[in-house]
Every structure is written in C-alpha cells, then in structure tokens.
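What's in model.cif: mmCIF, C-alpha atoms
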```cif
data_structure
#
loop_
_atom_site.label_atom_id
_atom_site.label_comp_id
_atom_site.auth_asym_id
_atom_site.auth_seq_id
_atom_site.Cartn_x
_atom_site.Cartn_y
_atom_site.Cartn_z
CA MET A 1 73.36 -34.78 55.75
CA ARG A 2 75.96 -36.80 53.84
CA ARG A 3 75.86 -34.21 51.04
CA THR A 4 76.18 -31.22 53.37
CA GLY A 5 79.91 -30.93 52.75
CA PHE A 6 79.34 -31.01 49.00
CA TYR A 7 76.78 -28.20 49.11
CA VAL A 8 78.88 -26.11 51.50
CA THR A 9 81.91 -26.44 49.21
CA CYS A 10 79.89 -25.54 46.10
CA THR A 11 78.41 -22.52 47.86
CA ALA A 12 81.82 -21.33 48.99
CA LEU A 13 83.22 -21.69 45.47
CA ALA A 14 80.23 -19.84 44.00
CA VAL A 15 80.72 -16.95 46.42
CA LEU A 16 84.47 -16.94 45.70
CA PHE A 17 83.90 -16.61 41.95
CA LEU A 18 80.92 -14.24 42.12
CA LEU A 19 82.36 -11.80 44.67
CA PRO A 20 84.78 -10.05 42.25
CA MET A 21 82.03 -9.72 39.65
CA LEU A 22 79.56 -8.33 42.17
CA TRP A 23 82.17 -5.90 43.49
CA THR A 24 82.90 -4.72 39.95
CA ALA A 25 79.19 -4.20 39.25
CA TYR A 26 78.82 -2.30 42.53
CA SER A 27 81.85 -0.09 41.87
CA SER A 28 80.67 0.72 38.35
CA VAL A 29 77.52 2.44 39.64
CA HIS A 30 78.89 3.89 42.86
CA GLY A 31 81.57 6.53 43.34
CA ARG A 32 82.29 10.08 42.25
CA GLN A 33 79.24 11.70 40.69
CA THR A 34 78.55 15.07 39.11
CA GLY A 35 79.53 17.86 41.47
CA GLY A 36 82.21 15.78 43.20
CA THR A 37 79.81 13.97 45.52
CA GLU A 38 79.92 10.25 46.34
CA GLY A 39 76.86 8.15 45.63
CA TRP A 40 74.93 6.06 43.15
CA GLY A 41 74.58 6.94 39.49
CA VAL A 42 75.71 6.32 35.94
CA ASP A 43 78.42 8.99 35.80
CA ASN A 44 81.09 6.29 35.61
CA TYR A 45 79.52 4.97 32.42
CA ARG A 46 79.10 8.52 31.08
CA ARG A 47 82.81 9.22 31.52
CA LEU A 48 83.61 5.86 29.96
CA ALA A 49 81.48 6.71 26.93
CA GLU A 50 83.46 9.94 26.45
CA TYR A 51 86.89 8.31 26.71
CA GLY A 52 88.89 7.81 23.50
CA ILE A 53 86.65 6.77 20.62
CA GLY A 54 83.88 5.95 23.07
CA ILE A 55 82.84 2.64 24.55
CA GLY A 56 80.60 2.03 21.53
CA GLY A 57 83.55 2.25 19.14
CA TYR A 58 85.64 -0.14 21.20
CA LEU A 59 82.75 -2.60 21.40
CA VAL A 60 82.15 -2.50 17.64
CA ASN A 61 85.85 -3.12 16.94
CA THR A 62 85.99 -6.01 19.40
CA LEU A 63 82.78 -7.50 18.03
CA THR A 64 84.13 -7.30 14.48
CA VAL A 65 87.27 -9.18 15.43
CA SER A 66 85.25 -11.77 17.36
CA VAL A 67 82.80 -12.39 14.51
CA VAL A 68 85.63 -12.89 11.99
CA ALA A 69 87.50 -15.21 14.37
CA VAL A 70 84.42 -17.30 15.21
CA SER A 71 83.28 -17.60 11.58
CA VAL A 72 86.68 -18.67 10.24
CA THR A 73 87.35 -21.01 13.15
CA VAL A 74 83.98 -22.79 12.97
CA VAL A 75 84.02 -23.29 9.19
CA THR A 76 87.67 -24.38 9.03
CA THR A 77 87.63 -26.74 12.00
CA THR A 78 84.30 -28.30 11.01
CA LEU A 79 85.52 -29.17 7.52
CA GLY A 80 88.95 -30.17 8.83
CA GLY A 81 87.51 -32.29 11.62
CA TYR A 82 85.25 -34.10 9.15
CA ALA A 83 88.19 -34.80 6.86
CA MET A 84 90.34 -36.07 9.73
CA ALA A 85 87.57 -38.32 11.06
CA ARG A 86 85.91 -39.64 7.88
CA LEU A 87 88.31 -39.37 4.94
CA ALA A 88 91.28 -41.68 4.45
CA PHE A 89 94.27 -40.00 2.84
CA PRO A 90 98.05 -40.46 3.16
CA GLY A 91 99.60 -38.68 6.12
CA ARG A 92 96.30 -37.98 7.88
CA ASN A 93 97.51 -38.94 11.34
CA VAL A 94 100.84 -37.17 10.88
CA LEU A 95 99.07 -33.98 9.81
CA PHE A 96 96.77 -34.22 12.84
CA LEU A 97 99.68 -34.69 15.25
CA VAL A 98 101.62 -31.81 13.70
CA THR A 99 98.56 -29.59 14.11
CA LEU A 100 98.21 -30.57 17.76
CA ALA A 101 101.91 -29.89 18.30
CA ILE A 102 101.19 -26.22 17.66
CA LEU A 103 99.46 -26.16 21.08
CA MET A 104 102.88 -26.63 22.71
CA VAL A 105 104.26 -23.48 21.07
CA PRO A 106 103.65 -20.23 23.02
CA TYR A 107 101.55 -18.14 20.69
CA THR A 108 103.52 -14.98 21.47
CA THR A 109 106.51 -16.52 19.65
CA ILE A 110 104.63 -16.57 16.32
CA LEU A 111 103.16 -13.07 16.50
CA VAL A 112 106.12 -11.50 14.67
CA PRO A 113 105.95 -13.97 11.72
CA LEU A 114 102.19 -13.42 11.57
CA TYR A 115 102.75 -9.66 11.57
CA ILE A 116 105.09 -10.02 8.57
CA LEU A 117 102.60 -12.34 6.83
CA LEU A 118 99.78 -9.85 7.30
CA GLY A 119 102.03 -7.19 5.77
CA TRP A 120 102.42 -9.34 2.64
CA LEU A 121 98.64 -9.76 2.50
CA GLY A 122 97.95 -6.07 3.07
CA LEU A 123 96.06 -6.76 6.30
CA GLN A 124 98.27 -4.99 8.82
CA ASN A 125 96.39 -2.60 11.13
CA SER A 126 93.17 -4.32 10.06
CA LEU A 127 90.36 -5.71 12.20
CA VAL A 128 89.84 -8.49 9.66
CA GLY A 129 93.53 -9.37 9.79
CA LEU A 130 93.42 -9.49 13.58
CA GLY A 131 90.36 -11.73 13.40
CA LEU A 132 92.23 -14.12 11.10
CA VAL A 133 95.14 -14.21 13.56
CA MET A 134 92.78 -15.10 16.41
CA ALA A 135 91.25 -17.83 14.24
CA VAL A 136 94.70 -19.30 13.53
CA LEU A 137 95.41 -19.47 17.26
CA GLN A 138 92.20 -21.47 17.83
CA LEU A 139 92.61 -23.95 14.98
CA PRO A 140 94.57 -26.73 16.80
CA PHE A 141 92.11 -27.08 19.68
CA GLY A 142 89.14 -26.67 17.34
CA LEU A 143 90.39 -29.39 15.00
CA PHE A 144 90.95 -31.73 17.93
CA MET A 145 87.44 -31.10 19.26
CA MET A 146 85.69 -31.50 15.91
CA ARG A 147 87.57 -34.67 14.99
CA ASN A 148 86.43 -36.29 18.23
CA SER A 149 82.88 -35.05 17.68
CA PHE A 150 82.66 -36.60 14.20
CA GLU A 151 84.27 -39.84 15.35
CA ALA A 152 81.65 -40.11 18.11
CA LEU A 153 78.86 -40.30 15.49
CA PRO A 154 77.98 -43.74 14.10
CA ALA A 155 79.27 -44.18 10.54
CA GLU A 156 75.90 -45.74 9.66
CA LEU A 157 74.27 -42.30 9.75
CA GLU A 158 76.41 -41.04 6.88
CA GLU A 159 76.14 -44.32 4.98
CA ALA A 160 72.34 -44.22 5.18
CA ALA A 161 72.31 -40.63 3.88
CA LEU A 162 74.58 -41.58 0.97
CA ILE A 163 72.37 -44.57 0.11
CA ASP A 164 69.32 -42.27 0.09
CA GLY A 165 70.97 -40.13 -2.58
CA CYS A 166 72.81 -37.46 -0.60
CA THR A 167 76.21 -36.31 -1.71
CA VAL A 168 79.06 -36.15 0.80
CA GLY A 169 78.41 -32.43 1.28
CA GLY A 170 74.66 -33.03 1.60
CA ALA A 171 75.17 -35.73 4.24
CA LEU A 172 77.48 -33.42 6.16
CA ARG A 173 75.10 -30.49 5.99
CA ARG A 174 71.79 -32.29 6.60
CA VAL A 175 72.75 -35.12 8.94
CA LEU A 176 76.17 -34.90 10.55
CA LEU A 177 76.16 -31.22 11.49
CA ARG A 178 73.17 -31.78 13.76
CA GLY A 179 75.04 -34.50 15.60
CA VAL A 180 78.17 -32.41 16.14
CA LEU A 181 76.31 -29.21 17.06
CA PRO A 182 77.56 -29.30 20.69
CA GLY A 183 81.14 -29.44 19.43
CA ILE A 184 80.54 -26.55 17.03
CA VAL A 185 79.04 -24.44 19.79
CA THR A 186 81.97 -25.26 22.09
CA ILE A 187 84.47 -24.15 19.44
CA ALA A 188 82.49 -20.99 18.74
CA LEU A 189 82.32 -20.16 22.45
CA PHE A 190 86.05 -20.69 23.00
CA SER A 191 86.90 -18.66 19.92
CA PHE A 192 84.59 -15.81 20.94
CA LEU A 193 85.95 -15.60 24.48
CA ALA A 194 89.56 -15.71 23.24
CA ALA A 195 89.00 -12.99 20.62
CA TRP A 196 86.90 -10.81 22.91
CA ASN A 197 89.43 -10.80 25.76
CA GLU A 198 92.69 -10.86 23.78
CA PHE A 199 95.12 -8.07 24.67
CA VAL A 200 98.59 -8.85 23.29
CA ALA A 201 97.64 -9.46 19.65
CA PRO A 202 95.58 -6.24 19.24
CA LEU A 203 98.36 -4.29 20.93
CA ILE A 204 100.83 -5.53 18.30
CA PHE A 205 98.72 -5.70 15.13
CA LEU A 206 96.67 -2.50 15.53
CA THR A 207 98.35 0.89 15.33
CA ASP A 208 95.37 3.14 14.61
CA GLY A 209 93.65 4.43 17.76
CA ASP A 210 90.25 4.24 16.05
CA LYS A 211 90.66 0.48 15.58
CA LEU A 212 91.67 -0.50 19.11
CA THR A 213 89.68 -3.22 20.83
CA LEU A 214 88.08 -2.95 24.25
CA PRO A 215 90.87 -4.65 26.31
CA VAL A 216 93.48 -2.28 24.85
CA GLY A 217 91.19 0.69 25.40
CA LEU A 218 90.67 -0.28 29.04
CA PHE A 219 94.42 -0.68 29.49
CA ASN A 220 94.98 2.85 28.20
CA LEU A 221 92.30 4.04 30.60
CA SER A 222 94.00 2.27 33.51
CA VAL A 223 97.32 3.97 32.73
CA GLY A 224 95.75 7.41 33.19
CA ASN A 225 97.32 10.84 32.77
CA LEU A 226 100.09 11.92 35.14
CA GLY A 227 99.44 8.90 37.36
CA SER A 228 95.72 9.67 37.88
CA VAL A 229 93.35 6.78 37.20
CA ASP A 230 89.57 7.03 36.98
CA PHE A 231 88.78 3.80 38.81
CA GLY A 232 85.03 4.31 38.52
CA ALA A 233 85.12 4.51 34.73
CA LEU A 234 87.58 1.60 34.66
CA GLN A 235 85.23 -0.59 36.69
CA ALA A 236 82.39 0.39 34.38
CA GLY A 237 84.53 -0.72 31.44
CA VAL A 238 85.31 -4.04 33.10
CA ALA A 239 81.61 -4.66 33.75
CA THR A 240 80.78 -3.75 30.14
CA SER A 241 83.47 -6.10 28.85
CA ALA A 242 82.41 -9.02 31.06
CA LEU A 243 78.65 -8.79 30.42
CA PRO A 244 78.64 -10.15 26.82
CA CYS A 245 80.86 -13.08 27.85
CA VAL A 246 78.55 -14.00 30.73
CA VAL A 247 75.41 -13.74 28.56
CA VAL A 248 76.87 -15.81 25.71
CA PHE A 249 78.12 -18.48 28.12
CA LEU A 250 74.77 -18.77 29.91
CA ILE A 251 72.90 -19.09 26.61
CA LEU A 252 75.24 -21.77 25.22
CA GLN A 253 76.03 -23.54 28.50
CA ARG A 254 74.13 -26.76 27.81
CA TYR A 255 75.76 -27.17 24.39
CA TYR A 256 79.13 -26.35 25.90
CA VAL A 257 78.89 -29.16 28.48
CA ARG A 258 77.65 -31.66 25.88
CA GLY A 259 80.46 -30.64 23.54
CA PHE A 260 83.13 -31.68 26.03
CA THR A 261 81.54 -35.11 26.49
CA SER A 262 80.60 -35.76 22.86
CA GLY A 263 83.92 -37.42 22.06
CA ALA A 264 84.28 -39.36 25.30
CA LEU A 265 82.39 -42.43 24.07
CA LYS A 266 81.97 -43.78 20.55
CA GLY A 267 79.09 -45.77 19.11
#
```
Written as structure tokens, how would this file's structure read?
Amino acid sequence: MRRTGFYVTCTALAVLFLLPMLWTAYSSVHGRQTGGTEGWGVDNYRRLAEYGIGIGGYLVNTLTVSVVAVSVTVVTTTLGGYAMARLAFPGRNVLFLVTLAILMVPYTTILVPLYILLGWLGLQNSLVGLGLVMAVLQLPFGLFMMRNSFEALPAELEEAALIDGCTVGGALRRVLLRGVLPGIVTIALFSFLAAWNEFVAPLIFLTDGDKLTLPVGLFNLSVGNLGSVDFGALQAGVATSALPCVVVFLILQRYYVRGFTSGALKG
C-alpha cells in the first residue's frame, strides 16, 4: 500500500508517453482508403511509398547518414577517451575542457562554417559529408562519456595485460573495450538517434531531392500542395520513422542504463 502512489504515478507517466505513439500507429492504418471510404487498411503506407523518391529511398539515405555518424563517433570518442583517461601529455585537461565548451555553443551557429568546410573537401550535397557533420556534433558528449568510462576501470587491468605481453593497442582491444562496452553502446545510441531524427542539418547540407533524409521528406509531405495535407500518409511516415528508434533503444536498453552509471564510481 505504501508503494501505491509510486505505481500509480509510473502508470500515468507510461500512458502519457505511450498515448501519442499509439494514436500515431492507429492513424497510420485507419482513414481514407481506396474508393474514398473510411476504414482500416494499408493505403496510407501505399501513398507514402509513392511520395517523392519513396519511403525506401528516404530510409536508405537516413540509414547511410546514421551509419557514418555512429561509426565515426564511436571510433573517435573511444580512442580520444582512452587518451584523455590513460595517457599523460601536456595540455590534456585544457584540451578536454575546450572540447566540453563546445557543448555550450548552439550547433546551428557552426552550420555555415561546416558548410564552407565541406565545400573545400568536396563533400557538399553528400550523405557521407552529412554523416561527418553529425559525428562532429556528437564528439564533445561522446568524449566526456568515454573518458569517464575508461577512468572507471581499474588501472591494474591494463597493467596486467601489458605485463603479459600485450601492446597498448592490444590491451585496449582485448581487455579495456569489454569494460567500457556500456559507454560505447550509449554513445552509439545517442549518435544514431541524433542522426536519424536530425532535420536542420540535412535541410542545409543536402540540395538534391534524391538524397533527402526521412525527416526532411516528411516535412515536405506535411507542407502539401495548395494547402492540402495527406494526414494519413504523414502519420504512416511518423510511425515508420519512430519504429527503428524504438527497436534499437529496446535492444540496447540495458547497456544504455549501465553506460550512464559506469563513470559514477571508480575502483
């Protein structure tokens, strides 16, 4: 009985968060069908598949950007976090603080310089270039997370591996990476969600309609022609966009929770 209030509050919060998702799922399979009738069916998804380059094309573009962003972010922050936590070099703490200071800068203010930089690199209007931009935006938080994850591991683990004949790279690959796996998964999850749902950066960096990502495609669908909006197809697009995020989060949930607590205590 003493925990009744706790369970009631949790239930209310669960309903509050699930209701919009359930309404979206319901609206995506209910509405105007073939022949102008109202009812259940997959016509909303059929119209969505025929819009623009097709839902498959938007998904492939978004997945490409997400894969590039996650790969670059995980590799860079893992190596950087190890260096910040284990290696002693002049200016280490200053470099770490300067990197964290980037979090205080609104990322929209650096999109124009990044656009010019991509032009110098020949990566404008490129899915790979957009993926690199998304990776850059995730580097400060990722470096902070990975530094804490490596510092939470006992130094004796690495010392024992080095005594047994491992190189620094071998100790990192065979011993330390297993200990910081929750942090790596947390960084990968954050980077994936940010790249998958990003709207402003693709709108600026992509000019070819065949390379647009799913959020931009859904925005164009919501604008409609002459003020008419196909809300059924739009809801189907929202459900399609949200499903991968929900699946990935549920699969990696236990690592995600451990990742946030990995740096709380040391030793």
Selection under test: the PyMOL selection byres ((chain A and resi 219) around 12); residues as JSON, numbers by chain: {"A": [52, 197, 198, 199, 200, 202, 203, 212, 213, 214, 215, 216, 217, 218, 220, 221, 222, 223, 224, 229, 230, 231, 233, 234, 235, 237, 238]}
Residue contacts of region 93-101 of chain A (9 Å, only C-alpha atoms) excluding same-chain residues fewer than 5 positions away, as a ChimeraX atom specification: /A:84,139-141,143-144
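With all atoms listed in the file as the basis for measurement, A:Val67 is the residue among A:Ile53, A:Val67, A:Ala236, A:Leu177 that approaches Leu132 (chain A) most closely.
Among the candidate residues A:Tyr82, A:Thr77, A:Asp210, A:Val248, the one lying nearest to Val168 (chain A) is A:Tyr82, with distances computed using only C-alpha atoms.
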Within-12 Å shell of (85.2, -14.5, 24.8) in input frame, all atoms listed in the file, as JSON, numbers by chain: {"A": [62, 63, 65, 66, 67, 69, 70, 134, 186, 187, 188, 189, 190, 191, 192, 193, 194, 195, 196, 197, 198, 199, 214, 215, 241, 242, 243, 244, 245, 246, 247, 248, 249]}
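Note that CA of Gly131 (chain A) and CA of Glu50 (chain A) are 26.2 Å apart.
Counting from CA of Leu48 (chain A), the distance to CA of Leu16 (chain A) is 27.7 Å.
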Nearest candidate to Val72 (chain A) (options A:Ala88, A:Ala135, A:Cys10, A:Ile55; using only C-alpha atoms): A:Ala135
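On the file presented, the PyMOL selection byres ((chain A and resi 27) around 10) picks out A:Met21, A:Leu22, A:Trp23, A:Thr24, A:Ala25, A:Tyr26, A:Ser28, A:Val29, A:His30, A:Gly31, A:Trp40, A:Asn44, A:Phe231, A:Gly232, A:Ala233, A:Leu234, A:Gln235, A:Ala236, A:Ala239.
For the pair CA of Ala201 (chain A) and CA of Leu79 (chain A), the interatomic distance is 26.1 Å.
For the choices A:Gly57, A:Ile204, A:Leu176, A:Gln124, the atom-to-atom distance to Ile110 (chain A) is smallest for A:Ile204 when using only C-alpha atoms.
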Quick one: axis-aligned box around all listed atoms of region 90-107 of chain A, 5 Å on every side, centre and edge lengths in Å to one decimal, written as AutoDock Vina command-line options.
```
--center_x 100.3 --center_y -29.3 --center_z 13.1 --size_x 18.0 --size_y 32.3 --size_z 29.9
```
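Among the candidates A:Thr108, A:Val175, A:Ile184, A:Tyr45, the one nearest to Leu162 (chain A) when counting only C-alpha atoms is A:Val175.
You can rank A:Val105, A:Val15, A:Leu181, A:Val133 by their closest distance to Leu117 (chain A) using all atoms listed in the file, and at the top of that list sits A:Val133.
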Neighbour list for region 153-158 of chain A as a PyMOL selection string, cut-off 12 Å, all atoms listed in the file, skip fewer than 5 positions in-chain: chain A and resi 82+85-87+146-148+163-181+183+262-267
Selection result of the PyMOL selection byres ((chain A and resi 127) around 8) on this file, as a PyMOL selection string: chain A and resi 61+64-65+125-126+128-131+206+211
Just-selected residues, C-alpha atoms written as a tab-separated table (two decimals), in the frame of the given file:
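Printed below is out17.tsv as written:
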```tsv
chain	number	residue	atom	x	y	z
A	61	ASN	CA	85.85	-3.12	16.94
A	64	THR	CA	84.13	-7.30	14.48
A	65	VAL	CA	87.27	-9.18	15.43
A	125	ASN	CA	96.39	-2.60	11.13
A	126	SER	CA	93.17	-4.32	10.06
A	128	VAL	CA	89.84	-8.49	9.66
A	129	GLY	CA	93.53	-9.37	9.79
A	130	LEU	CA	93.42	-9.49	13.58
A	131	GLY	CA	90.36	-11.73	13.40
A	206	LEU	CA	96.67	-2.50	15.53
A	211	LYS	CA	90.66	0.48	15.58
```
